[in-house]
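Chemist: File follows, target.cif with mmCIF, C-alpha atoms:
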```cif
data_structure
loop_
_atom_site.label_atom_id
_atom_site.label_comp_id
_atom_site.auth_asym_id
_atom_site.auth_seq_id
_atom_site.Cartn_x
_atom_site.Cartn_y
_atom_site.Cartn_z
CA MET A 1 19.73 -0.37 -60.98
CA VAL A 2 16.96 -2.88 -60.20
CA GLN A 3 18.49 -5.40 -62.63
CA ALA A 4 21.90 -5.21 -60.92
CA CYS A 5 20.28 -5.59 -57.49
CA LEU A 6 18.30 -8.62 -58.68
CA GLU A 7 21.44 -10.32 -59.99
CA GLN A 8 22.97 -10.00 -56.53
CA LEU A 9 19.86 -11.42 -54.86
CA TYR A 10 19.28 -14.11 -57.50
CA PRO A 11 22.83 -15.13 -58.55
CA ALA A 12 21.53 -17.46 -61.28
CA LEU A 13 20.32 -14.42 -63.23
CA SER A 14 23.88 -13.08 -63.55
CA LYS A 15 24.92 -16.40 -65.13
CA LEU A 16 22.24 -16.44 -67.82
CA GLU A 17 23.33 -16.85 -71.41
CA PRO A 18 23.47 -13.51 -73.36
CA GLU A 19 20.34 -14.35 -75.36
CA ALA A 20 18.50 -15.32 -72.16
CA LYS A 21 19.51 -12.05 -70.46
CA ALA A 22 18.19 -10.08 -73.43
CA LEU A 23 14.94 -12.05 -73.31
CA LEU A 24 14.56 -11.44 -69.56
CA SER A 25 15.05 -7.70 -70.05
CA ALA A 26 12.64 -7.51 -72.99
CA HIS A 27 9.81 -9.31 -71.20
CA SER A 28 10.17 -7.77 -67.72
CA LEU A 29 8.38 -4.82 -66.20
CA SER A 30 9.66 -2.94 -63.13
CA PHE A 31 7.14 -2.24 -60.37
CA VAL A 32 6.68 -0.62 -56.97
CA ILE A 33 3.63 -1.71 -54.93
CA GLU A 34 2.43 -0.01 -51.74
CA LYS A 35 2.29 -1.72 -48.36
CA GLY A 36 -1.02 -3.47 -47.74
CA SER A 37 -1.85 -3.90 -51.42
CA GLU A 38 -3.27 -7.15 -52.74
CA ILE A 39 -0.88 -8.71 -55.26
CA PHE A 40 -3.05 -11.64 -56.30
CA ALA A 41 -6.15 -13.48 -55.08
CA PRO A 42 -7.75 -16.92 -55.49
CA GLY A 43 -9.17 -17.52 -58.95
CA GLN A 44 -7.03 -14.87 -60.67
CA GLN A 45 -4.82 -15.63 -63.64
CA CYS A 46 -1.08 -15.28 -63.06
CA ARG A 47 0.26 -12.10 -64.67
CA GLY A 48 3.95 -13.01 -64.46
CA TYR A 49 6.95 -14.34 -62.56
CA LEU A 50 7.69 -12.21 -59.50
CA LEU A 51 11.30 -11.33 -58.59
CA LEU A 52 11.67 -9.07 -55.54
CA SER A 53 14.48 -6.58 -54.98
CA ARG A 54 12.91 -4.98 -51.87
CA GLY A 55 10.09 -5.57 -49.40
CA LEU A 56 8.12 -8.54 -48.08
CA VAL A 57 5.08 -10.45 -49.37
CA ARG A 58 2.74 -12.61 -47.27
CA VAL A 59 1.06 -15.50 -49.08
CA GLN A 60 -1.90 -16.93 -47.21
CA SER A 61 -4.88 -19.23 -47.52
CA VAL A 62 -8.33 -17.94 -46.61
CA SER A 63 -11.12 -20.23 -45.40
CA ARG A 64 -14.79 -19.84 -46.33
CA GLU A 65 -15.33 -18.32 -42.90
CA GLY A 66 -12.68 -15.69 -43.66
CA ARG A 67 -9.96 -17.09 -41.37
CA GLU A 68 -6.47 -16.50 -42.73
CA ALA A 69 -3.51 -18.86 -42.41
CA LEU A 70 0.03 -18.00 -43.45
CA LEU A 71 1.51 -20.32 -46.09
CA TYR A 72 4.87 -18.56 -46.49
CA ARG A 73 6.50 -15.18 -46.96
CA VAL A 74 8.52 -14.04 -49.97
CA SER A 75 11.63 -11.95 -49.33
CA PRO A 76 14.11 -10.54 -51.87
CA GLY A 77 16.08 -13.44 -53.33
CA GLU A 78 13.17 -15.88 -52.90
CA ILE A 79 10.46 -17.02 -55.29
CA CYS A 80 6.70 -17.35 -54.91
CA ILE A 81 5.75 -20.99 -55.40
CA GLN A 82 2.10 -20.08 -56.07
CA THR A 83 3.26 -17.98 -59.01
CA SER A 84 5.65 -20.64 -60.29
CA LEU A 85 3.06 -23.43 -60.18
CA SER A 86 0.38 -21.22 -61.72
CA LEU A 87 2.63 -20.42 -64.67
CA LEU A 88 3.84 -24.00 -65.14
CA GLY A 89 0.38 -25.55 -64.84
CA GLU A 90 -1.52 -22.68 -66.49
CA GLU A 91 -3.77 -22.62 -63.42
CA THR A 92 -5.37 -19.79 -61.48
CA TYR A 93 -4.15 -18.82 -58.02
CA SER A 94 -5.47 -20.79 -55.04
CA ALA A 95 -4.21 -18.37 -52.36
CA GLU A 96 -3.83 -14.63 -51.88
CA ALA A 97 -0.74 -12.45 -51.53
CA ILE A 98 -0.46 -9.17 -49.62
CA ALA A 99 2.45 -6.72 -49.56
CA GLU A 100 3.46 -6.58 -45.88
CA GLU A 101 5.92 -3.82 -46.79
CA GLU A 102 6.29 -1.67 -49.88
CA ILE A 103 7.76 -3.98 -52.50
CA GLU A 104 9.88 -3.40 -55.58
CA GLY A 105 11.17 -5.71 -58.29
CA ILE A 106 10.37 -6.96 -61.77
CA LEU A 107 7.56 -9.03 -63.26
CA LEU A 108 8.56 -11.42 -66.05
CA ASP A 109 5.50 -11.88 -68.28
CA PRO A 110 4.18 -15.42 -68.98
CA VAL A 111 5.42 -15.44 -72.59
CA GLY A 112 8.94 -14.50 -71.50
CA PHE A 113 8.82 -17.08 -68.70
CA ASP A 114 7.92 -19.88 -71.14
CA ARG A 115 10.58 -18.82 -73.64
CA LEU A 116 13.27 -18.61 -70.98
CA LEU A 117 12.39 -22.10 -69.72
CA ALA A 118 12.75 -23.44 -73.26
CA LEU A 119 15.91 -21.47 -74.06
CA SER A 120 18.03 -21.44 -70.91
CA ALA A 121 19.20 -24.48 -68.93
CA ILE A 122 20.42 -22.09 -66.22
CA PHE A 123 16.98 -20.49 -65.87
CA ARG A 124 15.25 -23.91 -65.82
CA LYS A 125 17.52 -25.13 -63.03
CA PHE A 126 16.94 -21.91 -61.08
CA VAL A 127 13.15 -22.22 -61.34
CA PHE A 128 12.90 -25.89 -60.41
CA SER A 129 15.47 -25.79 -57.61
CA SER A 130 13.63 -22.77 -56.14
CA ILE A 131 10.34 -24.68 -56.30
CA SER A 132 11.95 -27.69 -54.61
CA LYS A 133 13.24 -25.57 -51.73
CA ARG A 134 9.89 -23.84 -51.27
CA LEU A 135 8.01 -27.15 -51.24
CA LYS A 136 10.32 -28.48 -48.51
CA ASP A 137 9.64 -25.34 -46.45
CA MET A 138 5.89 -25.75 -46.88
CA ILE A 139 6.01 -29.43 -45.89
CA GLN A 140 7.86 -28.44 -42.72
CA THR A 141 5.17 -25.84 -42.02
CA VAL A 142 2.40 -28.44 -42.42
CA GLU A 143 4.27 -30.87 -40.17
CA ARG A 144 4.64 -28.22 -37.47
CA ILE A 145 0.95 -27.35 -37.59
CA ALA A 146 0.03 -31.04 -37.43
CA PHE A 147 2.45 -32.22 -34.75
CA GLU A 148 3.75 -29.33 -32.61
CA PRO A 149 1.73 -27.85 -29.71
CA ILE A 150 0.47 -24.32 -30.23
CA ASP A 151 2.52 -22.92 -27.32
CA VAL A 152 5.75 -24.17 -28.94
CA ARG A 153 4.86 -22.66 -32.31
CA LEU A 154 3.81 -19.38 -30.67
CA ALA A 155 7.13 -19.16 -28.84
CA ASP A 156 8.98 -19.76 -32.11
CA VAL A 157 7.01 -17.04 -33.95
CA LEU A 158 7.59 -14.53 -31.15
CA LEU A 159 11.34 -15.17 -31.18
CA MET A 160 11.45 -14.96 -34.97
CA ARG A 161 9.53 -11.66 -35.14
CA GLN A 162 11.18 -9.84 -32.22
CA ASP A 163 13.36 -6.79 -32.74
CA GLU A 164 16.61 -6.03 -30.90
CA ALA A 165 14.65 -4.80 -27.87
CA GLY A 166 12.53 -7.95 -27.71
CA ARG A 167 9.43 -6.19 -29.07
CA VAL A 168 7.10 -8.00 -31.47
CA GLN A 169 5.08 -5.54 -33.54
CA ALA A 170 2.04 -7.72 -34.22
CA THR A 171 -1.59 -7.98 -33.21
CA HIS A 172 -3.10 -11.20 -31.89
CA LEU A 173 -4.72 -11.60 -35.32
CA ASP A 174 -1.32 -11.24 -37.06
CA LEU A 175 0.11 -13.99 -34.87
CA ALA A 176 -2.94 -16.18 -35.46
CA ARG A 177 -2.39 -15.88 -39.22
CA ASP A 178 1.22 -16.94 -38.81
CA LEU A 179 0.19 -19.95 -36.75
CA GLY A 180 -2.84 -20.98 -38.77
CA THR A 181 -5.17 -20.79 -35.79
CA ALA A 182 -7.88 -18.57 -34.32
CA ARG A 183 -7.18 -15.19 -32.71
CA GLU A 184 -8.87 -16.36 -29.51
CA VAL A 185 -6.38 -19.24 -29.20
CA VAL A 186 -3.43 -16.87 -29.49
CA SER A 187 -4.97 -14.45 -26.97
CA ARG A 188 -5.47 -17.27 -24.47
CA HIS A 189 -1.87 -18.49 -24.74
CA LEU A 190 -0.44 -14.97 -24.55
CA GLU A 191 -2.49 -14.34 -21.42
CA ARG A 192 -0.95 -17.44 -19.82
CA LEU A 193 2.55 -16.29 -20.75
CA SER A 194 1.75 -12.84 -19.40
CA HIS A 195 0.61 -14.25 -16.04
CA LYS A 196 3.93 -16.11 -15.79
CA GLY A 197 5.90 -12.94 -16.54
CA ILE A 198 7.24 -14.29 -19.82
CA VAL A 199 5.71 -11.55 -22.00
CA LYS A 200 3.86 -8.28 -21.59
CA THR A 201 1.12 -7.42 -24.05
CA SER A 202 -0.26 -4.09 -25.19
CA ARG A 203 -2.16 -2.93 -28.27
CA GLY A 204 -0.34 -4.27 -31.33
CA VAL A 205 2.81 -5.15 -29.37
CA VAL A 206 4.13 -8.15 -27.45
CA GLN A 207 7.16 -7.40 -25.28
CA ILE A 208 9.30 -10.45 -24.53
CA LEU A 209 10.46 -10.36 -20.90
CA ASN A 210 11.99 -13.84 -20.63
CA ARG A 211 13.63 -14.87 -23.90
CA ASP A 212 15.36 -17.89 -22.31
CA PHE A 213 12.01 -19.43 -21.35
CA LEU A 214 10.71 -19.16 -24.93
CA GLN A 215 13.94 -20.63 -26.30
CA ARG A 216 13.73 -23.60 -23.92
CA LEU A 217 10.11 -24.10 -24.92
CA CYS A 218 11.10 -24.26 -28.57
CA HIS A 219 13.84 -26.81 -28.01
#
```
Show me this structure written as structure tokens.
Modeler:
Amino acid sequence: MVQACLEQLYPALSKLEPEAKALLSAHSLSFVIEKGSEIFAPGQQCRGYLLLSRGLVRVQSVSREGREALLYRVSPGEICIQTSLSLLGEETYSAEAIAEEEIEGILLDPVGFDRLLALSAIFRKFVFSSISKRLKDMIQTVERIAFEPIDVRLADVLLMRQDEAGRVQATHLDLARDLGTAREVVSRHLERLSHKGIVKTSRGVVQILNRDFLQRLCH
């Protein structure tokens, strides 16, 4: 069941050579991890190649002072670049990953990962093209942090995280992690938006009242 779901989410897996498919199955372990669980942390050895069929993972950097900054999220059909680079370079993790939702999928062990890279041209292309896409996304994130004003990035995050009713289920700290800034900075900007009637804030929720304003701010 999980294997069939993964082949839909990661189409390259359905095209693997028969021997490669058998190798993937033999070296993979199915898992379910609860929401809020730590998946890996800085300094830990990589235990395998993560392929998600359900849920959401947040990968973040943590400063010495304990401030967290989002690097990227991993959804079903996507890969974790920290995991890929750790396996390829035989390095420990330099960031941490948290399950934002209950996650499910398979973990391909390091031995199987190495053998598949050597055996299957299809798997090699899948791994390296996935890394390339993730690196481009991360470069864009760094550029936004470096060059875009915080109010523009905050507007973009609010629009991205809103539900159909315009509600954003997130604390000021959650938003600060997404933006790579301090909670106090987010609180100050939300207060300004609230005074203008653009949003309404309550505990753990930001209600968007003027979506058009935020969209104009982004563009």
Chemist: List the spatial neighbours of Leu6 of chain A as a PyMOL selection string - criterion: any atom at most 10 Å away, only C-alpha atoms, same-chain residues fewer than 3 positions off excluded.
Modeler: chain A and resi 1-3+9-14+51-54+76-77+105-106
Chemist: Please determine, counting only C-alpha atoms, which residue among A:Leu85, A:Ala4, A:Leu108, A:Val59 has the shortest atom-to-atom distance to Ser30 of chain A.
Modeler: A:Leu108
Chemist: Please work out which residues fall within 12 Å of (-9.9, -14.7, -42.4), coordinates as given in the file, with all atoms listed in the file counting, and return them as a ChimeraX atom specification.
Modeler: /A:60-70,96,173-174,176-178,180-183
Chemist: Tell me which residues the PyMOL selection byres ((chain A and resi 160) around 12) grabs here, as a PyMOL selection string.
Modeler: chain A and resi 153-159+161-164+166-170+175+178+208+211+214-215+218
Chemist: Grab the residues selected above and save them as a PDB file, keeping the file's coordinate frame with C-alpha atoms.
Modeler:
```pdb
ATOM      1  CA  ARG A 153       4.860 -22.660 -32.310  1.00  0.00           C
ATOM      2  CA  LEU A 154       3.810 -19.380 -30.670  1.00  0.00           C
ATOM      3  CA  ALA A 155       7.130 -19.160 -28.840  1.00  0.00           C
ATOM      4  CA  ASP A 156       8.980 -19.760 -32.110  1.00  0.00           C
ATOM      5  CA  VAL A 157       7.010 -17.040 -33.950  1.00  0.00           C
ATOM      6  CA  LEU A 158       7.590 -14.530 -31.150  1.00  0.00           C
ATOM      7  CA  LEU A 159      11.340 -15.170 -31.180  1.00  0.00           C
ATOM      8  CA  ARG A 161       9.530 -11.660 -35.140  1.00  0.00           C
ATOM      9  CA  GLN A 162      11.180  -9.840 -32.220  1.00  0.00           C
ATOM     10  CA  ASP A 163      13.360  -6.790 -32.740  1.00  0.00           C
ATOM     11  CA  GLU A 164      16.610  -6.030 -30.900  1.00  0.00           C
ATOM     12  CA  GLY A 166      12.530  -7.950 -27.710  1.00  0.00           C
ATOM     13  CA  ARG A 167       9.430  -6.190 -29.070  1.00  0.00           C
ATOM     14  CA  VAL A 168       7.100  -8.000 -31.470  1.00  0.00           C
ATOM     15  CA  GLN A 169       5.080  -5.540 -33.540  1.00  0.00           C
ATOM     16  CA  ALA A 170       2.040  -7.720 -34.220  1.00  0.00           C
ATOM     17  CA  LEU A 175       0.110 -13.990 -34.870  1.00  0.00           C
ATOM     18  CA  ASP A 178       1.220 -16.940 -38.810  1.00  0.00           C
ATOM     19  CA  ILE A 208       9.300 -10.450 -24.530  1.00  0.00           C
ATOM     20  CA  ARG A 211      13.630 -14.870 -23.900  1.00  0.00           C
ATOM     21  CA  LEU A 214      10.710 -19.160 -24.930  1.00  0.00           C
ATOM     22  CA  GLN A 215      13.940 -20.630 -26.300  1.00  0.00           C
ATOM     23  CA  CYS A 218      11.100 -24.260 -28.570  1.00  0.00           C
TER      24      CYS A 218
END
```
Chemist: Apply the PyMOL selection byres ((chain A and resi 48) around 10) to the structure shown and report the selected residues as a CSV table (one decimal) with C-alpha atoms, in the frame of the given file.
Modeler:
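Final output, saved to out.csv:
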```csv
chain,number,residue,atom,x,y,z
A,27,HIS,CA,9.8,-9.3,-71.2
A,28,SER,CA,10.2,-7.8,-67.7
A,29,LEU,CA,8.4,-4.8,-66.2
A,45,GLN,CA,-4.8,-15.6,-63.6
A,46,CYS,CA,-1.1,-15.3,-63.1
A,47,ARG,CA,0.3,-12.1,-64.7
A,49,TYR,CA,7.0,-14.3,-62.6
A,50,LEU,CA,7.7,-12.2,-59.5
A,51,LEU,CA,11.3,-11.3,-58.6
A,83,THR,CA,3.3,-18.0,-59.0
A,84,SER,CA,5.6,-20.6,-60.3
A,86,SER,CA,0.4,-21.2,-61.7
A,87,LEU,CA,2.6,-20.4,-64.7
A,106,ILE,CA,10.4,-7.0,-61.8
A,107,LEU,CA,7.6,-9.0,-63.3
A,108,LEU,CA,8.6,-11.4,-66.0
A,109,ASP,CA,5.5,-11.9,-68.3
A,110,PRO,CA,4.2,-15.4,-69.0
A,111,VAL,CA,5.4,-15.4,-72.6
A,112,GLY,CA,8.9,-14.5,-71.5
A,113,PHE,CA,8.8,-17.1,-68.7
```
Chemist: One decimal, Å: what's the distance from atom CA of Phe147 of chain A over to atom CA of Leu193 of chain A, could you say?
Modeler: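 One can read the atom CA of Phe147 of chain A to atom CA of Leu193 of chain A distance as 21.2 Å.
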Chemist: Using atom CA of Gln207 of chain A and atom CA of Val186 of chain A as the two end points, give the distance in Å to one decimal.
Modeler: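 Those two atoms sit 14.8 Å apart.
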Chemist: Check which residues satisfy the PyMOL selection byres ((chain A and resi 201) around 10) in the file shown, then give them as number ranges by chain.
Modeler: A: 167-168, 171-172, 187, 190-191, 193-194, 199-200, 202-208
Chemist: Can you spit out the residues from that selection as a PDB file, keeping the file's coordinate frame, using C-alpha atoms?
Modeler:
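To be explicit, this is the file written out as out_35.pdb:
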```pdb
ATOM      1  CA  ARG A 167       9.430  -6.190 -29.070  1.00  0.00           C
ATOM      2  CA  VAL A 168       7.100  -8.000 -31.470  1.00  0.00           C
ATOM      3  CA  THR A 171      -1.590  -7.980 -33.210  1.00  0.00           C
ATOM      4  CA  HIS A 172      -3.100 -11.200 -31.890  1.00  0.00           C
ATOM      5  CA  SER A 187      -4.970 -14.450 -26.970  1.00  0.00           C
ATOM      6  CA  LEU A 190      -0.440 -14.970 -24.550  1.00  0.00           C
ATOM      7  CA  GLU A 191      -2.490 -14.340 -21.420  1.00  0.00           C
ATOM      8  CA  LEU A 193       2.550 -16.290 -20.750  1.00  0.00           C
ATOM      9  CA  SER A 194       1.750 -12.840 -19.400  1.00  0.00           C
ATOM     10  CA  VAL A 199       5.710 -11.550 -22.000  1.00  0.00           C
ATOM     11  CA  LYS A 200       3.860  -8.280 -21.590  1.00  0.00           C
ATOM     12  CA  SER A 202      -0.260  -4.090 -25.190  1.00  0.00           C
ATOM     13  CA  ARG A 203      -2.160  -2.930 -28.270  1.00  0.00           C
ATOM     14  CA  GLY A 204      -0.340  -4.270 -31.330  1.00  0.00           C
ATOM     15  CA  VAL A 205       2.810  -5.150 -29.370  1.00  0.00           C
ATOM     16  CA  VAL A 206       4.130  -8.150 -27.450  1.00  0.00           C
ATOM     17  CA  GLN A 207       7.160  -7.400 -25.280  1.00  0.00           C
ATOM     18  CA  ILE A 208       9.300 -10.450 -24.530  1.00  0.00           C
TER      19      ILE A 208
END
```
Chemist: Between atom CA of Ala146 of chain A and atom CA of His219 of chain A, what distance in Å does the model show, to one decimal?
Modeler: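 Atom CA of His219 of chain A lies at a distance of 17.2 Å from atom CA of Ala146 of chain A.
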